[in-house]
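Following: one structure in structure tokens, then a few remarks.
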Amino acid sequence: MSILNKRWTGLIVYQLLSGPQRFCTIETALPISGRLLSERLKDLESEGIVNREVFPETPVRIEYSLTEKGLALEPALREIEEWSYRWVEIDEA
């Protein structure tokens, strides 16, 4: 729980459930600063939840994806998603 308890971590993992993504794609999808996103991705990588793959191209391309350990979080995140649809009201103001 301490891993997912960090701010934005759950949403980053949720974003990566749709497949490998570049840093800029994740940054655009979430209202998070690049510095904080980079920090969270490093944390997730060190925990074995996210894989960082560097492609030797010009310019260098880096993609982030979920490891098997990260993909195992999908059922829990989907249940939280379902719970939020049922119980969380969005203030339209």
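By order in the structure tokens, chains are A, B, ...; within a chain, residues start at 1; ligands start at 1, following the order shown.
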
Can you pull out every residue within 10 Å of segment 34-43 of chain A, counting only C-alpha atoms, but drop anything in the same chain fewer than 2 positions away, and send it as a list in words?
Ile3, Lys6, Arg7, Trp8, Thr9, Ile12, Val13, Phe23, Cys24, Ile26, Glu27, Thr28, Leu30, Pro31, Ile32, Glu45, Ser46, Glu47, Gly48, Ile49, Val50, Asn51, Arg52 and Tyr64 of chain A

Store the residues of this selection in a file with N, CA and C atoms, as a short mmCIF file (atom, residue, chain, number, x, y, z; two decimals), in the first residue's frame.
data_model
loop_
_atom_site.label_atom_id
_atom_site.label_comp_id
_atom_site.auth_asym_id
_atom_site.auth_seq_id
_atom_site.Cartn_x
_atom_site.Cartn_y
_atom_site.Cartn_z
N ILE A 3 3.41 1.89 -1.70
CA ILE A 3 3.77 2.23 -3.08
C ILE A 3 2.63 3.01 -3.73
N LYS A 6 1.42 6.86 -2.58
CA LYS A 6 2.04 8.11 -3.01
C LYS A 6 1.15 8.80 -4.04
N ARG A 7 1.08 10.10 -3.93
CA ARG A 7 0.24 10.90 -4.81
C ARG A 7 0.57 10.64 -6.27
N TRP A 8 -0.45 10.38 -7.07
CA TRP A 8 -0.42 10.16 -8.52
C TRP A 8 0.03 8.76 -8.94
N THR A 9 0.59 7.98 -8.05
CA THR A 9 1.12 6.67 -8.43
C THR A 9 0.04 5.76 -9.00
N ILE A 12 -0.85 6.81 -12.50
CA ILE A 12 0.20 6.50 -13.46
C ILE A 12 0.11 5.03 -13.87
N VAL A 13 -0.05 4.15 -12.89
CA VAL A 13 -0.20 2.72 -13.19
C VAL A 13 -1.45 2.51 -14.03
N PHE A 23 7.02 9.18 -22.12
CA PHE A 23 6.88 10.11 -21.00
C PHE A 23 5.91 11.23 -21.34
N CYS A 24 6.06 11.83 -22.51
CA CYS A 24 5.22 12.98 -22.88
C CYS A 24 3.75 12.58 -22.98
N ILE A 26 2.21 10.25 -21.13
CA ILE A 26 1.73 10.13 -19.75
C ILE A 26 1.55 11.52 -19.15
N GLU A 27 2.52 12.39 -19.39
CA GLU A 27 2.48 13.75 -18.84
C GLU A 27 1.27 14.52 -19.37
N THR A 28 0.94 14.32 -20.64
CA THR A 28 -0.20 15.00 -21.24
C THR A 28 -1.52 14.48 -20.68
N LEU A 30 -2.14 13.25 -17.68
CA LEU A 30 -2.35 13.49 -16.25
C LEU A 30 -1.96 14.92 -15.88
N PRO A 31 -2.70 15.53 -14.97
CA PRO A 31 -2.35 16.89 -14.53
C PRO A 31 -1.23 16.85 -13.49
N ILE A 32 -0.03 16.49 -13.94
CA ILE A 32 1.10 16.29 -13.04
C ILE A 32 2.34 16.96 -13.66
N GLU A 45 9.69 1.98 -11.08
CA GLU A 45 10.70 1.13 -11.72
C GLU A 45 11.54 0.40 -10.67
N SER A 46 11.91 1.11 -9.61
CA SER A 46 12.73 0.47 -8.57
C SER A 46 11.96 -0.60 -7.81
N GLU A 47 10.62 -0.49 -7.79
CA GLU A 47 9.78 -1.50 -7.14
C GLU A 47 9.44 -2.66 -8.07
N GLY A 48 9.86 -2.57 -9.33
CA GLY A 48 9.60 -3.65 -10.28
C GLY A 48 8.20 -3.62 -10.86
N ILE A 49 7.54 -2.47 -10.79
CA ILE A 49 6.17 -2.34 -11.30
C ILE A 49 6.16 -1.80 -12.72
N VAL A 50 7.12 -0.93 -13.01
CA VAL A 50 7.23 -0.31 -14.34
C VAL A 50 8.57 -0.68 -14.97
N ASN A 51 8.53 -0.92 -16.26
CA ASN A 51 9.74 -1.19 -17.04
C ASN A 51 10.03 0.04 -17.89
N ARG A 52 11.27 0.46 -17.92
CA ARG A 52 11.72 1.59 -18.75
C ARG A 52 12.59 1.02 -19.86
N TYR A 64 7.66 3.53 -21.33
CA TYR A 64 7.37 2.94 -20.03
C TYR A 64 6.22 1.96 -20.20
#

With a distance cut-off of 10 Å and only C-alpha atoms, select the neighbouring residues of Gly19 of chain A, excluding the residue or stretch itself and same-chain residues fewer than 2 positions from it, and output the selection as a short mmCIF file (atom, residue, chain, number, x, y, z; two decimals) with N, CA and C atoms, in the first residue's frame.
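Final output, out.cif:
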data_model
loop_
_atom_site.label_atom_id
_atom_site.label_comp_id
_atom_site.auth_asym_id
_atom_site.auth_seq_id
_atom_site.Cartn_x
_atom_site.Cartn_y
_atom_site.Cartn_z
N TYR A 14 -2.54 3.16 -13.66
CA TYR A 14 -3.79 3.04 -14.41
C TYR A 14 -3.60 3.50 -15.86
N GLN A 15 -2.88 4.59 -16.06
CA GLN A 15 -2.60 5.09 -17.41
C GLN A 15 -1.82 4.07 -18.23
N LEU A 16 -0.89 3.37 -17.60
CA LEU A 16 -0.06 2.39 -18.30
C LEU A 16 -0.77 1.07 -18.56
N LEU A 17 -1.96 0.89 -17.99
CA LEU A 17 -2.72 -0.33 -18.27
C LEU A 17 -3.09 -0.44 -19.74
N GLN A 21 3.89 3.49 -23.09
CA GLN A 21 3.72 4.89 -23.43
C GLN A 21 5.00 5.67 -23.20
N GLU A 63 10.26 4.34 -23.61
CA GLU A 63 8.88 3.93 -23.34
C GLU A 63 8.78 3.28 -21.98
N TYR A 64 7.66 3.53 -21.33
CA TYR A 64 7.37 2.94 -20.03
C TYR A 64 6.22 1.96 -20.20
N SER A 65 6.35 0.82 -19.54
CA SER A 65 5.29 -0.19 -19.59
C SER A 65 5.22 -0.88 -18.23
N LEU A 66 4.14 -1.58 -18.02
CA LEU A 66 3.98 -2.31 -16.76
C LEU A 66 4.66 -3.67 -16.87
#

Run DSSP on the backbone and tell me which residues of chain A come out as strand (DSSP E); list them as number ranges by chain.
A: 21-22, 50-55, 61-66

Take the residues that were just selected and, keeping N, CA and C atoms, output them as a PDB file, in the first residue's frame.
ATOM      1  N   GLN A  21       3.892   3.491 -23.090  1.00  0.00           N
ATOM      2  CA  GLN A  21       3.716   4.893 -23.435  1.00  0.00           C
ATOM      3  C   GLN A  21       4.999   5.665 -23.198  1.00  0.00           C
ATOM      4  N   ARG A  22       5.155   6.720 -23.977  1.00  0.00           N
ATOM      5  CA  ARG A  22       6.282   7.618 -23.787  1.00  0.00           C
ATOM      6  C   ARG A  22       5.963   8.594 -22.661  1.00  0.00           C
ATOM      7  N   VAL A  50       7.123  -0.933 -13.014  1.00  0.00           N
ATOM      8  CA  VAL A  50       7.231  -0.311 -14.338  1.00  0.00           C
ATOM      9  C   VAL A  50       8.568  -0.679 -14.967  1.00  0.00           C
ATOM     10  N   ASN A  51       8.531  -0.917 -16.256  1.00  0.00           N
ATOM     11  CA  ASN A  51       9.737  -1.185 -17.035  1.00  0.00           C
ATOM     12  C   ASN A  51      10.032   0.038 -17.894  1.00  0.00           C
ATOM     13  N   ARG A  52      11.267   0.463 -17.918  1.00  0.00           N
ATOM     14  CA  ARG A  52      11.716   1.592 -18.746  1.00  0.00           C
ATOM     15  C   ARG A  52      12.587   1.022 -19.856  1.00  0.00           C
ATOM     16  N   GLU A  53      12.155   1.220 -21.091  1.00  0.00           N
ATOM     17  CA  GLU A  53      12.900   0.686 -22.232  1.00  0.00           C
ATOM     18  C   GLU A  53      13.418   1.836 -23.088  1.00  0.00           C
ATOM     19  N   VAL A  54      14.741   1.835 -23.308  1.00  0.00           N
ATOM     20  CA  VAL A  54      15.393   2.860 -24.110  1.00  0.00           C
ATOM     21  C   VAL A  54      15.679   2.286 -25.493  1.00  0.00           C
ATOM     22  N   PHE A  55      15.199   2.979 -26.517  1.00  0.00           N
ATOM     23  CA  PHE A  55      15.423   2.565 -27.890  1.00  0.00           C
ATOM     24  C   PHE A  55      16.556   3.401 -28.469  1.00  0.00           C
ATOM     25  N   ARG A  61      14.398   7.276 -27.940  1.00  0.00           N
ATOM     26  CA  ARG A  61      12.997   7.066 -27.573  1.00  0.00           C
ATOM     27  C   ARG A  61      12.963   6.199 -26.322  1.00  0.00           C
ATOM     28  N   ILE A  62      12.189   6.626 -25.340  1.00  0.00           N
ATOM     29  CA  ILE A  62      12.037   5.884 -24.082  1.00  0.00           C
ATOM     30  C   ILE A  62      10.564   5.596 -23.883  1.00  0.00           C
ATOM     31  N   GLU A  63      10.261   4.337 -23.609  1.00  0.00           N
ATOM     32  CA  GLU A  63       8.880   3.935 -23.342  1.00  0.00           C
ATOM     33  C   GLU A  63       8.779   3.278 -21.976  1.00  0.00           C
ATOM     34  N   TYR A  64       7.657   3.530 -21.335  1.00  0.00           N
ATOM     35  CA  TYR A  64       7.369   2.936 -20.034  1.00  0.00           C
ATOM     36  C   TYR A  64       6.222   1.959 -20.196  1.00  0.00           C
ATOM     37  N   SER A  65       6.347   0.823 -19.545  1.00  0.00           N
ATOM     38  CA  SER A  65       5.288  -0.187 -19.586  1.00  0.00           C
ATOM     39  C   SER A  65       5.224  -0.877 -18.231  1.00  0.00           C
ATOM     40  N   LEU A  66       4.135  -1.580 -18.016  1.00  0.00           N
ATOM     41  CA  LEU A  66       3.980  -2.312 -16.765  1.00  0.00           C
ATOM     42  C   LEU A  66       4.661  -3.673 -16.875  1.00  0.00           C
TER      43      LEU A  66
END

May I ask for the distance between atom CA of Arg78 of chain A and atom CA of Gly10 of chain A, given in Å to one decimal place?
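That distance, rounded to one decimal, is 11.1 Å.
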
When you count only C-alpha atoms, which of these residues is closest to Met1 of chain A: A:Glu89, A:Glu82, A:Leu73, A:Pro59?
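Once distances to Met1 of chain A are computed over only C-alpha atoms, the minimum belongs to A:Leu73.
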
For atom CA of Val88 of chain A and atom CA of Leu4 of chain A, determine how far apart the two atoms are, in Å to one decimal place.
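So the two atoms, atom CA of Val88 of chain A and atom CA of Leu4 of chain A, lie 19.6 Å apart.
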
Run DSSP on the backbone and grab whatever in segment 17-79 of chain A lands in alpha helix (DSSP H); send it over as a VMD selection string.
chain A and resid 23 to 29 34 to 46 68 to 71 74 to 79

Just write the chosen residues, N, CA and C atoms, as a PDB file, in the first residue's frame.
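Saved the output as part-v1.pdb:
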ATOM      1  N   PHE A  23       7.016   9.176 -22.122  1.00  0.00           N
ATOM      2  CA  PHE A  23       6.884  10.106 -21.001  1.00  0.00           C
ATOM      3  C   PHE A  23       5.908  11.228 -21.336  1.00  0.00           C
ATOM      4  N   CYS A  24       6.061  11.828 -22.511  1.00  0.00           N
ATOM      5  CA  CYS A  24       5.221  12.977 -22.878  1.00  0.00           C
ATOM      6  C   CYS A  24       3.746  12.581 -22.976  1.00  0.00           C
ATOM      7  N   THR A  25       3.456  11.358 -23.371  1.00  0.00           N
ATOM      8  CA  THR A  25       2.073  10.887 -23.457  1.00  0.00           C
ATOM      9  C   THR A  25       1.452  10.789 -22.064  1.00  0.00           C
ATOM     10  N   ILE A  26       2.215  10.248 -21.134  1.00  0.00           N
ATOM     11  CA  ILE A  26       1.731  10.130 -19.754  1.00  0.00           C
ATOM     12  C   ILE A  26       1.550  11.520 -19.153  1.00  0.00           C
ATOM     13  N   GLU A  27       2.523  12.389 -19.385  1.00  0.00           N
ATOM     14  CA  GLU A  27       2.478  13.746 -18.839  1.00  0.00           C
ATOM     15  C   GLU A  27       1.274  14.523 -19.366  1.00  0.00           C
ATOM     16  N   THR A  28       0.940  14.323 -20.641  1.00  0.00           N
ATOM     17  CA  THR A  28      -0.203  15.002 -21.244  1.00  0.00           C
ATOM     18  C   THR A  28      -1.524  14.475 -20.683  1.00  0.00           C
ATOM     19  N   ALA A  29      -1.568  13.188 -20.383  1.00  0.00           N
ATOM     20  CA  ALA A  29      -2.805  12.559 -19.915  1.00  0.00           C
ATOM     21  C   ALA A  29      -3.137  12.889 -18.465  1.00  0.00           C
ATOM     22  N   GLY A  34       6.223  17.417 -14.778  1.00  0.00           N
ATOM     23  CA  GLY A  34       7.212  16.493 -15.318  1.00  0.00           C
ATOM     24  C   GLY A  34       8.172  15.984 -14.266  1.00  0.00           C
ATOM     25  N   ARG A  35       8.551  16.864 -13.339  1.00  0.00           N
ATOM     26  CA  ARG A  35       9.474  16.470 -12.273  1.00  0.00           C
ATOM     27  C   ARG A  35       8.870  15.394 -11.388  1.00  0.00           C
ATOM     28  N   LEU A  36       7.613  15.595 -10.990  1.00  0.00           N
ATOM     29  CA  LEU A  36       6.950  14.618 -10.122  1.00  0.00           C
ATOM     30  C   LEU A  36       6.679  13.315 -10.866  1.00  0.00           C
ATOM     31  N   LEU A  37       6.299  13.410 -12.130  1.00  0.00           N
ATOM     32  CA  LEU A  37       6.082  12.206 -12.935  1.00  0.00           C
ATOM     33  C   LEU A  37       7.365  11.400 -13.041  1.00  0.00           C
ATOM     34  N   SER A  38       8.467  12.077 -13.302  1.00  0.00           N
ATOM     35  CA  SER A  38       9.761  11.402 -13.401  1.00  0.00           C
ATOM     36  C   SER A  38      10.113  10.702 -12.094  1.00  0.00           C
ATOM     37  N   GLU A  39       9.874  11.374 -10.984  1.00  0.00           N
ATOM     38  CA  GLU A  39      10.146  10.795  -9.660  1.00  0.00           C
ATOM     39  C   GLU A  39       9.300   9.552  -9.419  1.00  0.00           C
ATOM     40  N   ARG A  40       8.011   9.634  -9.738  1.00  0.00           N
ATOM     41  CA  ARG A  40       7.113   8.495  -9.512  1.00  0.00           C
ATOM     42  C   ARG A  40       7.480   7.316 -10.428  1.00  0.00           C
ATOM     43  N   LEU A  41       7.819   7.600 -11.668  1.00  0.00           N
ATOM     44  CA  LEU A  41       8.212   6.521 -12.580  1.00  0.00           C
ATOM     45  C   LEU A  41       9.479   5.822 -12.087  1.00  0.00           C
ATOM     46  N   LYS A  42      10.422   6.587 -11.547  1.00  0.00           N
ATOM     47  CA  LYS A  42      11.639   5.989 -10.984  1.00  0.00           C
ATOM     48  C   LYS A  42      11.297   5.111  -9.792  1.00  0.00           C
ATOM     49  N   ASP A  43      10.390   5.585  -8.935  1.00  0.00           N
ATOM     50  CA  ASP A  43       9.958   4.784  -7.776  1.00  0.00           C
ATOM     51  C   ASP A  43       9.319   3.475  -8.240  1.00  0.00           C
ATOM     52  N   LEU A  44       8.427   3.577  -9.210  1.00  0.00           N
ATOM     53  CA  LEU A  44       7.736   2.387  -9.719  1.00  0.00           C
ATOM     54  C   LEU A  44       8.704   1.428 -10.403  1.00  0.00           C
ATOM     55  N   GLU A  45       9.686   1.976 -11.083  1.00  0.00           N
ATOM     56  CA  GLU A  45      10.698   1.129 -11.723  1.00  0.00           C
ATOM     57  C   GLU A  45      11.536   0.402 -10.669  1.00  0.00           C
ATOM     58  N   SER A  46      11.914   1.106  -9.612  1.00  0.00           N
ATOM     59  CA  SER A  46      12.731   0.472  -8.566  1.00  0.00           C
ATOM     60  C   SER A  46      11.959  -0.603  -7.809  1.00  0.00           C
ATOM     61  N   GLU A  68       5.068  -7.628 -15.211  1.00  0.00           N
ATOM     62  CA  GLU A  68       4.067  -8.612 -14.777  1.00  0.00           C
ATOM     63  C   GLU A  68       3.520  -8.236 -13.397  1.00  0.00           C
ATOM     64  N   LYS A  69       4.404  -7.770 -12.543  1.00  0.00           N
ATOM     65  CA  LYS A  69       4.007  -7.321 -11.203  1.00  0.00           C
ATOM     66  C   LYS A  69       3.041  -6.133 -11.302  1.00  0.00           C
ATOM     67  N   GLY A  70       3.318  -5.208 -12.208  1.00  0.00           N
ATOM     68  CA  GLY A  70       2.452  -4.056 -12.410  1.00  0.00           C
ATOM     69  C   GLY A  70       1.108  -4.437 -12.995  1.00  0.00           C
ATOM     70  N   LEU A  71       1.127  -5.344 -13.952  1.00  0.00           N
ATOM     71  CA  LEU A  71      -0.125  -5.805 -14.571  1.00  0.00           C
ATOM     72  C   LEU A  71      -1.012  -6.540 -13.572  1.00  0.00           C
ATOM     73  N   GLU A  74      -3.965  -4.672 -12.034  1.00  0.00           N
ATOM     74  CA  GLU A  74      -5.141  -4.292 -12.827  1.00  0.00           C
ATOM     75  C   GLU A  74      -6.472  -4.634 -12.160  1.00  0.00           C
ATOM     76  N   PRO A  75      -6.680  -5.850 -11.656  1.00  0.00           N
ATOM     77  CA  PRO A  75      -7.983  -6.148 -11.043  1.00  0.00           C
ATOM     78  C   PRO A  75      -8.321  -5.190  -9.894  1.00  0.00           C
ATOM     79  N   ALA A  76      -7.341  -4.862  -9.071  1.00  0.00           N
ATOM     80  CA  ALA A  76      -7.590  -3.955  -7.943  1.00  0.00           C
ATOM     81  C   ALA A  76      -7.933  -2.553  -8.440  1.00  0.00           C
ATOM     82  N   LEU A  77      -7.206  -2.084  -9.439  1.00  0.00           N
ATOM     83  CA  LEU A  77      -7.475  -0.741  -9.969  1.00  0.00           C
ATOM     84  C   LEU A  77      -8.813  -0.680 -10.684  1.00  0.00           C
ATOM     85  N   ARG A  78      -9.190  -1.741 -11.362  1.00  0.00           N
ATOM     86  CA  ARG A  78     -10.495  -1.764 -12.035  1.00  0.00           C
ATOM     87  C   ARG A  78     -11.638  -1.764 -11.016  1.00  0.00           C
ATOM     88  N   GLU A  79     -11.435  -2.446  -9.891  1.00  0.00           N
ATOM     89  CA  GLU A  79     -12.455  -2.442  -8.833  1.00  0.00           C
ATOM     90  C   GLU A  79     -12.594  -1.050  -8.229  1.00  0.00           C
TER      91      GLU A  79
END

Atom CA of Asn5 of chain A to atom CA of Ser33 of chain A, straight-line distance in Å:
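Taking atom CA of Ser33 of chain A as the start and atom CA of Asn5 of chain A as the end point, the length is 17.9 Å.
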